[in-house]
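**Q** Below is one structure. I have some questions about it.
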Amino acid sequence: MKKAFKLLAFTLFAGWMATFYGCNKDIENEIPKLITNDITQITTTAATTGGIITFDGGVEVTVRGVCWSTTPTPTVDSYKTSDGIGSGTFSSNMTSLIPNTSYYVRAYATNSLGTAYGNELYFTTSSHGSIVFDPDLIYGSVSDIDGNIYKTVQIGTQRWMAENLKTTKYNDGLSVPNVTDFIEWSGLTTGAYCWYNNDSLAYKATYGALYNWFAVDTKKLCPAGWHVPSDAEWSILTTYLGGKDVAGGKLKETGNTHWQSPNIGATNTSGFTALPGGTRNLFVDPDFNDWSWISLEGNWWSASESIYNSAIYWGVFYNSNGIDSQGLLFKQSGFSIRCLKDS
């Protein structure tokens, strides 16, 4: 009798355990996890990317590929490829693209529980027939707390924003004060921003905002995982591009759409696309307005202090192939910001 009871108890217990763990196994299943590969081999009408499926979710991946569109956050309802099944690394070729057009792309993977997406990247097709960048010139994207999406570019060992910052909030959600009055701006000892000439419609989209150094010093101005580069990090960039005498040309956007002629030496071979966003000044003079140097200079704060209430900034110019750094301009000045990804 005891043996029969034990056998029954064991049978019931084993059945319960099988049911319990079977259900838990189902509960643990989820959609896949994956990463979007860097974009390479960009031409006028095609580009190569792909993805890495790091976890299939416990259920076989039945379709995988990349999807893209001209607006952020593409899905499988947008243009897409289909590149096999299962986990691991896969390659994808995007075709029938439009020349000189910007696209957003994400890898995707689908199992029986749904579709998951990798990180979003950003690229622009060439306006010419040749491939526009090599393995050392790889674009991506990052967004700030306001939802602005910025193109990024790998230059040597560093990943930079390829556009000027335009956030109106710190990365903890607090607002950066928008100070329009010149006298108030000149007396600040706390963070603030403005638009060139107080005109966001004319200048925000292209040139971003101008910030004082006190906003930089909060260490909360860039998106999480990014920071305002130090003077030493600007120097690393400059050295990689051949030194101060030639690096400016490699950083500047080509042509005269934004830069005043002659825009000496501009090749933008770095992909940095430096723009002449101008400066907000600290004194009024009949020949020197509150704002100056739009179309003539691009100036960016570093995170490094100098002496006499000053900080170090770096600048490029319409009439020079070089880049220069200065450390004797007051922290109340208004300059552009380029963020650098944390190492």
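Quick note on naming: the chains in the structure tokens go A, B, ... in the order shown, residues restart at 1 in each chain, and ligands are numbered from 1 in order of appearance.
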Find the residues around Asp324 in chain A up to 8 Å (only C-alpha atoms counted), leave out those fewer than 6 positions away in its own chain, and share them as a list of chain:residue names.

**A** A:Lys244, A:Trp314, A:Gly315, A:Val316

**Q** Go ahead and write the residues just picked, N, CA and C atoms, as an mmCIF file, in the first residue's frame.

**A**
data_model
loop_
_atom_site.group_PDB
_atom_site.id
_atom_site.type_symbol
_atom_site.label_atom_id
_atom_site.label_comp_id
_atom_site.auth_asym_id
_atom_site.auth_seq_id
_atom_site.Cartn_x
_atom_site.Cartn_y
_atom_site.Cartn_z
ATOM 1 N N LYS A 244 46.708 70.907 -37.249
ATOM 2 C CA LYS A 244 45.919 72.132 -37.293
ATOM 3 C C LYS A 244 45.941 72.833 -38.651
ATOM 4 N N TRP A 314 37.203 75.554 -30.084
ATOM 5 C CA TRP A 314 37.867 75.253 -31.352
ATOM 6 C C TRP A 314 37.048 75.826 -32.496
ATOM 7 N N GLY A 315 37.734 76.342 -33.522
ATOM 8 C CA GLY A 315 37.020 76.983 -34.615
ATOM 9 C C GLY A 315 37.618 76.710 -35.977
ATOM 10 N N VAL A 316 36.761 76.739 -37.010
ATOM 11 C CA VAL A 316 37.185 76.653 -38.410
ATOM 12 C C VAL A 316 36.599 77.850 -39.161
#

**Q** Give the strand (DSSP E) residues of range 185-283 of chain A, as assigned by DSSP on the backbone, as a PyMOL selection string.

**A** chain A and resi 193-194+210-211+226-227+277-280

**Q** Atoms to include: C-alpha atoms. Write the selected residues as a compact mmCIF listing (two decimals), in the first residue's frame.

**A**
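Listing of result_7.txt after writing:
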# COMPACT_ATOMS: atom_id res chain seq x y z
CA TYR A 193 21.12 78.58 -24.80
CA CYS A 194 19.84 80.75 -27.64
CA LEU A 210 24.40 78.33 -29.25
CA TYR A 211 25.20 77.48 -25.60
CA TRP A 226 27.85 61.09 -24.99
CA HIS A 227 29.71 64.14 -23.72
CA GLY A 277 26.99 78.58 -37.06
CA GLY A 278 28.36 81.88 -35.75
CA THR A 279 28.75 83.18 -32.20
CA ARG A 280 26.84 85.09 -29.53

**Q** Give me the residues within 12 Å of Ser87 in chain A as a count of residues only, counting only C-alpha atoms and dropping any in the same chain fewer than 5 places off.

**A** 23

**Q** Name the residues in contact with Asn299 in chain A at a cut-off of 12 Å, using only C-alpha atoms, excluding same-chain residues fewer than 2 positions from it; report them as a PDB file with C-alpha atoms, in the first residue's frame.

**A**
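The file below, result.pdb, is the result:
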ATOM      1  CA  ASN A 164      25.380  70.641 -34.153  1.00  0.00           C
ATOM      2  CA  TYR A 207      23.019  75.266 -37.293  1.00  0.00           C
ATOM      3  CA  ALA A 209      21.718  76.141 -30.823  1.00  0.00           C
ATOM      4  CA  LEU A 210      24.396  78.334 -29.245  1.00  0.00           C
ATOM      5  CA  TYR A 211      25.203  77.479 -25.601  1.00  0.00           C
ATOM      6  CA  ASN A 212      27.231  79.213 -22.923  1.00  0.00           C
ATOM      7  CA  GLY A 248      39.837  72.407 -40.871  1.00  0.00           C
ATOM      8  CA  LYS A 252      34.210  71.623 -43.311  1.00  0.00           C
ATOM      9  CA  ALA A 274      31.427  71.509 -39.980  1.00  0.00           C
ATOM     10  CA  LEU A 275      29.054  74.448 -40.489  1.00  0.00           C
ATOM     11  CA  PRO A 276      29.550  78.181 -39.852  1.00  0.00           C
ATOM     12  CA  GLY A 277      26.995  78.582 -37.061  1.00  0.00           C
ATOM     13  CA  GLY A 278      28.360  81.882 -35.754  1.00  0.00           C
ATOM     14  CA  THR A 279      28.745  83.182 -32.204  1.00  0.00           C
ATOM     15  CA  ARG A 280      26.844  85.092 -29.532  1.00  0.00           C
ATOM     16  CA  SER A 292      28.378  87.499 -35.510  1.00  0.00           C
ATOM     17  CA  TRP A 293      30.306  85.287 -37.932  1.00  0.00           C
ATOM     18  CA  ILE A 294      27.364  83.336 -39.372  1.00  0.00           C
ATOM     19  CA  SER A 295      28.523  81.824 -42.703  1.00  0.00           C
ATOM     20  CA  LEU A 296      32.119  82.792 -41.809  1.00  0.00           C
ATOM     21  CA  GLU A 297      33.100  80.699 -38.765  1.00  0.00           C
ATOM     22  CA  TRP A 301      33.096  74.640 -26.951  1.00  0.00           C
ATOM     23  CA  SER A 302      35.370  72.099 -25.362  1.00  0.00           C
ATOM     24  CA  ILE A 312      38.782  76.559 -24.509  1.00  0.00           C
ATOM     25  CA  TYR A 313      36.962  76.441 -27.839  1.00  0.00           C
ATOM     26  CA  TRP A 314      37.867  75.253 -31.352  1.00  0.00           C
ATOM     27  CA  GLY A 315      37.020  76.983 -34.615  1.00  0.00           C
ATOM     28  CA  VAL A 316      37.185  76.653 -38.410  1.00  0.00           C
ATOM     29  CA  PHE A 317      36.938  79.474 -40.927  1.00  0.00           C
ATOM     30  CA  TYR A 318      35.746  80.268 -44.451  1.00  0.00           C
ATOM     31  CA  ILE A 323      41.504  74.706 -37.351  1.00  0.00           C
ATOM     32  CA  ASP A 324      42.410  76.804 -34.328  1.00  0.00           C
ATOM     33  CA  SER A 325      41.870  76.627 -30.574  1.00  0.00           C
ATOM     34  CA  GLN A 326      41.618  79.522 -28.146  1.00  0.00           C
ATOM     35  CA  LEU A 329      37.029  83.832 -24.351  1.00  0.00           C
ATOM     36  CA  SER A 333      29.984  83.481 -24.928  1.00  0.00           C
ATOM     37  CA  GLY A 334      27.589  81.458 -27.080  1.00  0.00           C
ATOM     38  CA  PHE A 335      29.081  78.673 -29.230  1.00  0.00           C
ATOM     39  CA  SER A 336      27.922  75.532 -30.987  1.00  0.00           C
ATOM     40  CA  ILE A 337      28.315  72.055 -29.489  1.00  0.00           C
ATOM     41  CA  ARG A 338      29.383  68.756 -31.062  1.00  0.00           C
TER      42      ARG A 338
END

**Q** What's around Thr157 in chain A at 10 Å? Count only C-alpha atoms, leave out sequence neighbours fewer than 5 positions away in its own chain, and write the answer as a VMD selection string.

**A** chain A and resid 136 236 to 237 240 343

**Q** Those residues with C-alpha atoms, as a PDB file, in the first residue's frame please?

**A**
ATOM      1  CA  ASP A 136      36.941  54.353 -41.674  1.00  0.00           C
ATOM      2  CA  ILE A 236      43.101  63.815 -30.948  1.00  0.00           C
ATOM      3  CA  LEU A 237      40.665  64.580 -33.775  1.00  0.00           C
ATOM      4  CA  TYR A 240      44.207  62.212 -36.781  1.00  0.00           C
ATOM      5  CA  SER A 343      34.743  55.530 -24.876  1.00  0.00           C
TER       6      SER A 343
END

**Q** So what do you get for CA of Asn148 in chain A versus CA of Gly208 in chain A, distance-wise?

**A**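 We find that CA of Asn148 in chain A and CA of Gly208 in chain A lie 10.5 Å from each other.
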
**Q** Hey, what does DSSP flag as alpha helix (DSSP H) within range 208-277 of chain A? Can you give it to me as a ChimeraX atom specification?

**A** /A:213-217,231-240,244-251

**Q** Using N, CA and C atoms, can you write the selected residues to a file as a PDB file, in the first residue's frame?

**A**
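Written out: out.pdb:
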ATOM      1  N   TRP A 213      29.169  78.334 -21.732  1.00  0.00           N
ATOM      2  CA  TRP A 213      29.990  77.239 -21.212  1.00  0.00           C
ATOM      3  C   TRP A 213      29.427  76.667 -19.914  1.00  0.00           C
ATOM      4  N   PHE A 214      28.612  77.450 -19.214  1.00  0.00           N
ATOM      5  CA  PHE A 214      28.039  76.945 -17.967  1.00  0.00           C
ATOM      6  C   PHE A 214      27.083  75.780 -18.236  1.00  0.00           C
ATOM      7  N   ALA A 215      26.429  75.778 -19.394  1.00  0.00           N
ATOM      8  CA  ALA A 215      25.610  74.631 -19.782  1.00  0.00           C
ATOM      9  C   ALA A 215      26.487  73.411 -20.034  1.00  0.00           C
ATOM     10  N   VAL A 216      27.644  73.628 -20.658  1.00  0.00           N
ATOM     11  CA  VAL A 216      28.603  72.543 -20.874  1.00  0.00           C
ATOM     12  C   VAL A 216      29.052  71.945 -19.544  1.00  0.00           C
ATOM     13  N   ASP A 217      29.308  72.806 -18.570  1.00  0.00           N
ATOM     14  CA  ASP A 217      29.882  72.383 -17.298  1.00  0.00           C
ATOM     15  C   ASP A 217      28.927  71.526 -16.468  1.00  0.00           C
ATOM     16  N   ASP A 231      39.442  69.505 -24.447  1.00  0.00           N
ATOM     17  CA  ASP A 231      40.460  70.065 -25.329  1.00  0.00           C
ATOM     18  C   ASP A 231      41.366  68.957 -25.861  1.00  0.00           C
ATOM     19  N   ALA A 232      41.712  67.997 -25.007  1.00  0.00           N
ATOM     20  CA  ALA A 232      42.570  66.888 -25.431  1.00  0.00           C
ATOM     21  C   ALA A 232      41.892  66.033 -26.493  1.00  0.00           C
ATOM     22  N   GLU A 233      40.573  65.836 -26.377  1.00  0.00           N
ATOM     23  CA  GLU A 233      39.853  65.023 -27.363  1.00  0.00           C
ATOM     24  C   GLU A 233      39.723  65.756 -28.695  1.00  0.00           C
ATOM     25  N   TRP A 234      39.563  67.069 -28.663  1.00  0.00           N
ATOM     26  CA  TRP A 234      39.617  67.840 -29.912  1.00  0.00           C
ATOM     27  C   TRP A 234      41.005  67.707 -30.557  1.00  0.00           C
ATOM     28  N   SER A 235      42.038  67.695 -29.728  1.00  0.00           N
ATOM     29  CA  SER A 235      43.399  67.554 -30.254  1.00  0.00           C
ATOM     30  C   SER A 235      43.605  66.202 -30.914  1.00  0.00           C
ATOM     31  N   ILE A 236      43.010  65.147 -30.339  1.00  0.00           N
ATOM     32  CA  ILE A 236      43.101  63.815 -30.948  1.00  0.00           C
ATOM     33  C   ILE A 236      42.487  63.829 -32.344  1.00  0.00           C
ATOM     34  N   LEU A 237      41.319  64.460 -32.471  1.00  0.00           N
ATOM     35  CA  LEU A 237      40.665  64.580 -33.775  1.00  0.00           C
ATOM     36  C   LEU A 237      41.553  65.322 -34.757  1.00  0.00           C
ATOM     37  N   THR A 238      42.100  66.448 -34.324  1.00  0.00           N
ATOM     38  CA  THR A 238      42.929  67.283 -35.194  1.00  0.00           C
ATOM     39  C   THR A 238      44.182  66.543 -35.654  1.00  0.00           C
ATOM     40  N   THR A 239      44.822  65.848 -34.729  1.00  0.00           N
ATOM     41  CA  THR A 239      46.028  65.089 -35.071  1.00  0.00           C
ATOM     42  C   THR A 239      45.710  63.987 -36.071  1.00  0.00           C
ATOM     43  N   TYR A 240      44.596  63.285 -35.865  1.00  0.00           N
ATOM     44  CA  TYR A 240      44.207  62.212 -36.781  1.00  0.00           C
ATOM     45  C   TYR A 240      44.012  62.732 -38.198  1.00  0.00           C
ATOM     46  N   LYS A 244      46.708  70.907 -37.249  1.00  0.00           N
ATOM     47  CA  LYS A 244      45.919  72.132 -37.293  1.00  0.00           C
ATOM     48  C   LYS A 244      45.941  72.833 -38.651  1.00  0.00           C
ATOM     49  N   ASP A 245      47.010  72.676 -39.402  1.00  0.00           N
ATOM     50  CA  ASP A 245      47.128  73.416 -40.666  1.00  0.00           C
ATOM     51  C   ASP A 245      46.180  72.908 -41.748  1.00  0.00           C
ATOM     52  N   VAL A 246      45.740  71.651 -41.656  1.00  0.00           N
ATOM     53  CA  VAL A 246      44.923  71.071 -42.727  1.00  0.00           C
ATOM     54  C   VAL A 246      43.604  70.463 -42.243  1.00  0.00           C
ATOM     55  N   ALA A 247      43.472  70.256 -40.942  1.00  0.00           N
ATOM     56  CA  ALA A 247      42.299  69.541 -40.426  1.00  0.00           C
ATOM     57  C   ALA A 247      41.000  70.294 -40.664  1.00  0.00           C
ATOM     58  N   GLY A 248      41.057  71.624 -40.667  1.00  0.00           N
ATOM     59  CA  GLY A 248      39.837  72.407 -40.871  1.00  0.00           C
ATOM     60  C   GLY A 248      39.161  72.096 -42.189  1.00  0.00           C
ATOM     61  N   GLY A 249      39.944  71.987 -43.257  1.00  0.00           N
ATOM     62  CA  GLY A 249      39.382  71.667 -44.562  1.00  0.00           C
ATOM     63  C   GLY A 249      38.734  70.298 -44.595  1.00  0.00           C
ATOM     64  N   LYS A 250      39.327  69.348 -43.889  1.00  0.00           N
ATOM     65  CA  LYS A 250      38.772  67.990 -43.843  1.00  0.00           C
ATOM     66  C   LYS A 250      37.504  67.911 -43.003  1.00  0.00           C
ATOM     67  N   LEU A 251      37.291  68.911 -42.165  1.00  0.00           N
ATOM     68  CA  LEU A 251      36.092  68.955 -41.319  1.00  0.00           C
ATOM     69  C   LEU A 251      34.944  69.722 -41.964  1.00  0.00           C
TER      70      LEU A 251
END

**Q** Env of Tyr122 in chain A: 7 Å cut, atoms = only C-alpha atoms, seq-sep filter 4 positions within chain, self excluded. Answer as a list in words.

**A** Tyr103, Tyr104, Val105, Tyr139, Gly140, Ser141 and Lys151 of chain A

**Q** Could you write out the selected residues, including N, CA and C atoms, as a PDB file, in the first residue's frame?

**A**
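Printed below is again.pdb as written:
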ATOM      1  N   TYR A 103      18.407  58.170 -45.398  1.00  0.00           N
ATOM      2  CA  TYR A 103      17.583  57.031 -44.991  1.00  0.00           C
ATOM      3  C   TYR A 103      17.882  56.634 -43.547  1.00  0.00           C
ATOM      4  N   TYR A 104      16.860  56.097 -42.888  1.00  0.00           N
ATOM      5  CA  TYR A 104      16.992  55.483 -41.577  1.00  0.00           C
ATOM      6  C   TYR A 104      16.825  53.972 -41.759  1.00  0.00           C
ATOM      7  N   VAL A 105      17.627  53.186 -41.044  1.00  0.00           N
ATOM      8  CA  VAL A 105      17.593  51.737 -41.245  1.00  0.00           C
ATOM      9  C   VAL A 105      17.712  51.018 -39.903  1.00  0.00           C
ATOM     10  N   TYR A 139      28.709  55.940 -40.799  1.00  0.00           N
ATOM     11  CA  TYR A 139      27.705  56.787 -40.173  1.00  0.00           C
ATOM     12  C   TYR A 139      26.760  55.985 -39.275  1.00  0.00           C
ATOM     13  N   GLY A 140      26.180  56.682 -38.338  1.00  0.00           N
ATOM     14  CA  GLY A 140      25.149  56.127 -37.462  1.00  0.00           C
ATOM     15  C   GLY A 140      24.222  57.252 -37.048  1.00  0.00           C
ATOM     16  N   SER A 141      23.548  57.098 -35.919  1.00  0.00           N
ATOM     17  CA  SER A 141      22.659  58.146 -35.444  1.00  0.00           C
ATOM     18  C   SER A 141      22.498  58.058 -33.938  1.00  0.00           C
ATOM     19  N   LYS A 151      22.873  62.727 -37.095  1.00  0.00           N
ATOM     20  CA  LYS A 151      23.804  61.871 -37.815  1.00  0.00           C
ATOM     21  C   LYS A 151      25.111  61.812 -37.029  1.00  0.00           C
TER      22      LYS A 151
END
